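One structure is given here, and the rest of the page talks about it.
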Amino acid sequence: MGAGHAHPLHLPGTSPVHRLSPQVKVLAAFMVVFCVVATPRAAFATYGGYLVLLAAVWVIAAIPPGWIGRRALIELPFVVLAVLLPFAQGGERVDVAGLSLSADGLLDGWNIIIKGTLGVLTSLTLAATTSPRDLLLGLQRLRIPATITTIATLMLRYVEVIIGEARRMRIARVSRGHDPRLLWQAGATARSVGRLFLRSYERGERVHLAMVARGFTGAMPALDERPVPRLEWTLGMLPVAVALALVVGAWATA
Amino acid sequence: MSIPALRVSELRFDYPDGHRALDSIDLAVAPGERVALLGPNGAGKTTLVLQLNGVLRPSSGSVEVSGLPVRAEHLREIRRRVGIVFQDPDDQLFMPTVAEDVAFGPANFGVRGPELDARVHDALTAVDMAGHAGRSPLHLSGGQRKRVALATVLACDPEVLVIDEPSSNLDPVARRELAEVLLRLDRTMLMVTHDLPYALQLCPRSVVLDDGRVVADGPTRELLADPELLSRHRLELPYGFTLAGG
Ligand SMILES: Nc1ncnc2c1ncn2[C@@H]1O[C@H](COP(=O)(O)OP(=O)(O)OP(=O)(O)O)[C@@H](O)[C@H]1O
Ligand SMILES: [Mg+2]
């Protein structure tokens, strides 16, 4: 996708991580997250190990940590939830800065925050180095059911359709003297959100008709059936091996 | 006469909201014939086009493509035979790049590998857009998108080409070049247009649709030379344009 319209979660590049086949990356990310989830909650050093592992991938892929950091904010609501947990739970209590907190709740909160954060960071790393279309290709090649990949493809397209419609409608409104910042014109903005939904739906219908007219039967044709070189699998599974070693180590010493 | 490439008989179509868009349409197009479909806004042209490959299904009556009735069990073959270029290219283009969009149709019909690449390249070359293969269709100009939309259907190599409004949004040179492309294609063609000189240039025969009915069917030159018929159906030649009676 061209610049200026690029997907917000994708950071185009040519690093070895970017060049890996998508199915390798999807599988690797999935397995790393699996290891993270399986780690005992009190294995603090192991979580540090995962962070170092991710940081190493960011260095190789030339992703600035700030870039990932800003996008990781989407998990904020979950963090808030996890922070509230220690107040809510019963059991043994500890005093932190004058507050009486449940020790179990504290560990639970930490568990959610650290696993959630590592999961989000891993997904963001995958998304940053893999274009949305490649992600879909990756899923398709991993034999994920065609319905799922097709729905995902269409969702991607419709997000763009909706953004495009919204932009055109806004330009049309603004050209007729509408100033969206003026409060008394909020009504027009609200109405056009309603229109936007209808128009996007109708356009979605027409896009689908046009796809059907070109022989679409429900599954995206797989265009590129290039087999993955063994080296790529080896490279892609390296971080997985590290994560596996970390989780096994954590259980062995727990 | 041999089996018509397109045969529409006694076709009636009501939209789900009850609006009758087409009423007792009879139309036959011979193989290799190029026919213009004319008529005012809302006449039912687009609705008729969508019947031709089974995207919309008649409320009564029938459509046949080279003798094959448009029915659920033949839809795949019907859609391989009839290629439709939609009125609004934004409805047609949805892949991340022009090349992938052009490949979508033939890939659905089972074309793969080098043959697929060749199809994509030839189709884009035919509309003079080969230099834009890697770009996002969303970033092209209206006329460029129009041409890519045509390429997405050319790549399917259909027997019958149905085009809704080919010349709208094209600059004069692109409009003329597209006419040359279409004339070179040499296949059965049904072309919806408001551009009457374009119809005259490309299609020896025209059908006029108004309010869901066929109101005239004959040689384009004769129809366009009948000012009475034109004005009755809100058709108008461009300013300063007159035709000697045929
Ligand atoms: N989805 C729909 N539901 C109900 N009525 C519709 C729908 N689409 C079109 N119509 C109606 O059917 C009639 C024919 O529409 P159609 O789009 O076929 O016209 P057209 O000849 O292609 O016009 P134009 O030259 O403006 O493209 C119109 O009166 C229109 O309002
Ligand atoms: Mg129309």
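Numbering starts fresh at 1 for the residues of each chain in the structure tokens, the chains themselves are lettered A, B, ... in the order given, and ligands are numbered from 1 as they appear.
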
Using only C-alpha atoms and all ligand atoms, tabulate the residues of chain A lying at most 10 Å from any atom of ligand 1, each with its closest atom pair and that distance in Å to one decimal, by chain and increasing residue number, as CSV.
residue,atom,partner,partner_atom_place_in_ligand_line,distance
A:Glu202,CA,ligand 1,1 (N),8.7
A:Glu205,CA,ligand 1,1 (N),9.8
A:Arg206,CA,ligand 1,1 (N),9.6

>> If we count only C-alpha atoms and set the cut-off at 12 Å, which residues sit around Asp117 in chain B, ignoring sequence neighbours fewer than 4 positions away in its own chain? Please answer as a list of chain:residue names.
In response: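 Neighbouring residues, sequence-local ones excluded: A:Leu223, A:Asp224, B:Ala99, B:Glu100, B:Val102, B:Ala103, B:Phe104, B:Pro106, B:Ala107, B:Val111, B:Arg112, B:Gly113, B:His121, B:Asp122, B:Ala123, B:Leu124, B:Ala130, B:Ala133, B:Ala155.
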
> Neighbours of Leu161 in chain B within 12 Å (only C-alpha atoms; same-chain residues fewer than 4 positions away dropped), as a PyMOL selection string?
Replying inline: (chain A and resi 213) or (chain B and resi 5-6+29+31-36+49+52-53+65+79-86+150-157+166+182-183+185-192)

Interface rows for chain B against ligand 2: nearest pair, Å to one decimal, 7 Å, only C-alpha atoms and all ligand atoms, as a tab-separated table:
residue	atom	partner	partner_atom_place_in_ligand_line	distance
B:Asn41	CA	ligand 2	1 (Mg)	7.0
B:Gly42	CA	ligand 2	1 (Mg)	6.9
B:Lys45	CA	ligand 2	1 (Mg)	5.6
B:Thr46	CA	ligand 2	1 (Mg)	4.1
B:Gln87	CA	ligand 2	1 (Mg)	6.4
B:Asp164	CA	ligand 2	1 (Mg)	6.8

Deliver the residues from the most recent selection as a file, using all heavy atoms, as a tab-separated table (two decimals), in the first residue's frame.
chain	number	residue	atom	x	y	z
B	41	ASN	N	-31.56	8.48	-17.02
B	41	ASN	CA	-31.25	8.04	-15.66
B	41	ASN	C	-32.45	7.28	-15.09
B	41	ASN	O	-33.59	7.70	-15.26
B	41	ASN	CB	-30.97	9.22	-14.73
B	41	ASN	CG	-29.63	9.88	-15.03
B	41	ASN	OD1	-29.52	11.09	-15.04
B	41	ASN	ND2	-28.63	9.09	-15.29
B	42	GLY	N	-32.18	6.18	-14.46
B	42	GLY	CA	-33.25	5.42	-13.81
B	42	GLY	C	-34.06	4.56	-14.75
B	42	GLY	O	-35.08	4.00	-14.37
B	45	LYS	N	-31.10	0.45	-16.93
B	45	LYS	CA	-29.96	-0.10	-17.67
B	45	LYS	C	-29.06	-0.93	-16.78
B	45	LYS	O	-28.72	-2.08	-17.09
B	45	LYS	CB	-29.16	1.04	-18.32
B	45	LYS	CG	-30.00	1.97	-19.19
B	45	LYS	CD	-29.18	3.07	-19.83
B	45	LYS	CE	-28.56	4.03	-18.84
B	45	LYS	NZ	-29.55	4.85	-18.09
B	46	THR	N	-28.66	-0.33	-15.64
B	46	THR	CA	-27.77	-1.07	-14.73
B	46	THR	C	-28.46	-2.34	-14.21
B	46	THR	O	-27.85	-3.40	-14.11
B	46	THR	CB	-27.34	-0.16	-13.57
B	46	THR	OG1	-26.63	0.95	-14.11
B	46	THR	CG2	-26.45	-0.89	-12.58
B	87	GLN	N	-20.46	0.35	-13.21
B	87	GLN	CA	-20.56	1.79	-13.46
B	87	GLN	C	-19.55	2.56	-12.61
B	87	GLN	O	-18.90	3.48	-13.10
B	87	GLN	CB	-21.99	2.23	-13.11
B	87	GLN	CG	-22.32	3.64	-13.49
B	87	GLN	CD	-23.84	3.86	-13.56
B	87	GLN	OE1	-24.62	2.98	-13.23
B	87	GLN	NE2	-24.25	5.03	-13.97
B	164	ASP	N	-20.77	-0.86	-18.21
B	164	ASP	CA	-21.69	0.18	-17.77
B	164	ASP	C	-20.93	1.51	-17.82
B	164	ASP	O	-19.98	1.71	-17.06
B	164	ASP	CB	-22.17	-0.14	-16.35
B	164	ASP	CG	-23.55	0.44	-16.06
B	164	ASP	OD1	-23.97	1.32	-16.82
B	164	ASP	OD2	-24.18	0.02	-15.07

> Could you write out as number ranges by chain the residues of chain B within 6 Å of chain A, counting only C-alpha atoms?
Replying inline: B: 79, 91-92, 105, 107-108, 136

Write a file of the just-selected residues containing C-alpha atoms, as a tab-separated table (two decimals), in the first residue's frame.
chain	number	residue	atom	x	y	z
B	79	ARG	CA	-19.73	-15.61	-15.03
B	91	ASP	CA	-17.26	-0.92	-6.46
B	92	GLN	CA	-15.02	-3.03	-8.61
B	105	GLY	CA	-10.95	-12.67	-11.56
B	107	ALA	CA	-7.49	-16.64	-10.36
B	108	ASN	CA	-11.08	-17.33	-9.34
B	136	SER	CA	-3.07	1.00	-4.78

>> Would you pick out the contacts of Ser192 in chain A at 9 Å or less, using only C-alpha atoms, so that residues sharing its chain but fewer than 6 positions from it are not included, and give the list as a list in words?
In response: Ala166, Met169 and Arg170 of chain A

Same residues, N, CA and C atoms, saved as an mmCIF file, in the first residue's frame:
data_model
loop_
_atom_site.group_PDB
_atom_site.id
_atom_site.type_symbol
_atom_site.label_atom_id
_atom_site.label_comp_id
_atom_site.auth_asym_id
_atom_site.auth_seq_id
_atom_site.Cartn_x
_atom_site.Cartn_y
_atom_site.Cartn_z
ATOM 1 N N ALA A 166 -16.067 8.418 4.553
ATOM 2 C CA ALA A 166 -16.097 9.465 5.570
ATOM 3 C C ALA A 166 -15.351 10.695 5.070
ATOM 4 N N MET A 169 -17.419 12.498 2.393
ATOM 5 C CA MET A 169 -18.583 13.186 2.956
ATOM 6 C C MET A 169 -18.160 14.424 3.729
ATOM 7 N N ARG A 170 -17.022 14.320 4.438
ATOM 8 C CA ARG A 170 -16.556 15.472 5.199
ATOM 9 C C ARG A 170 -16.181 16.604 4.258
#
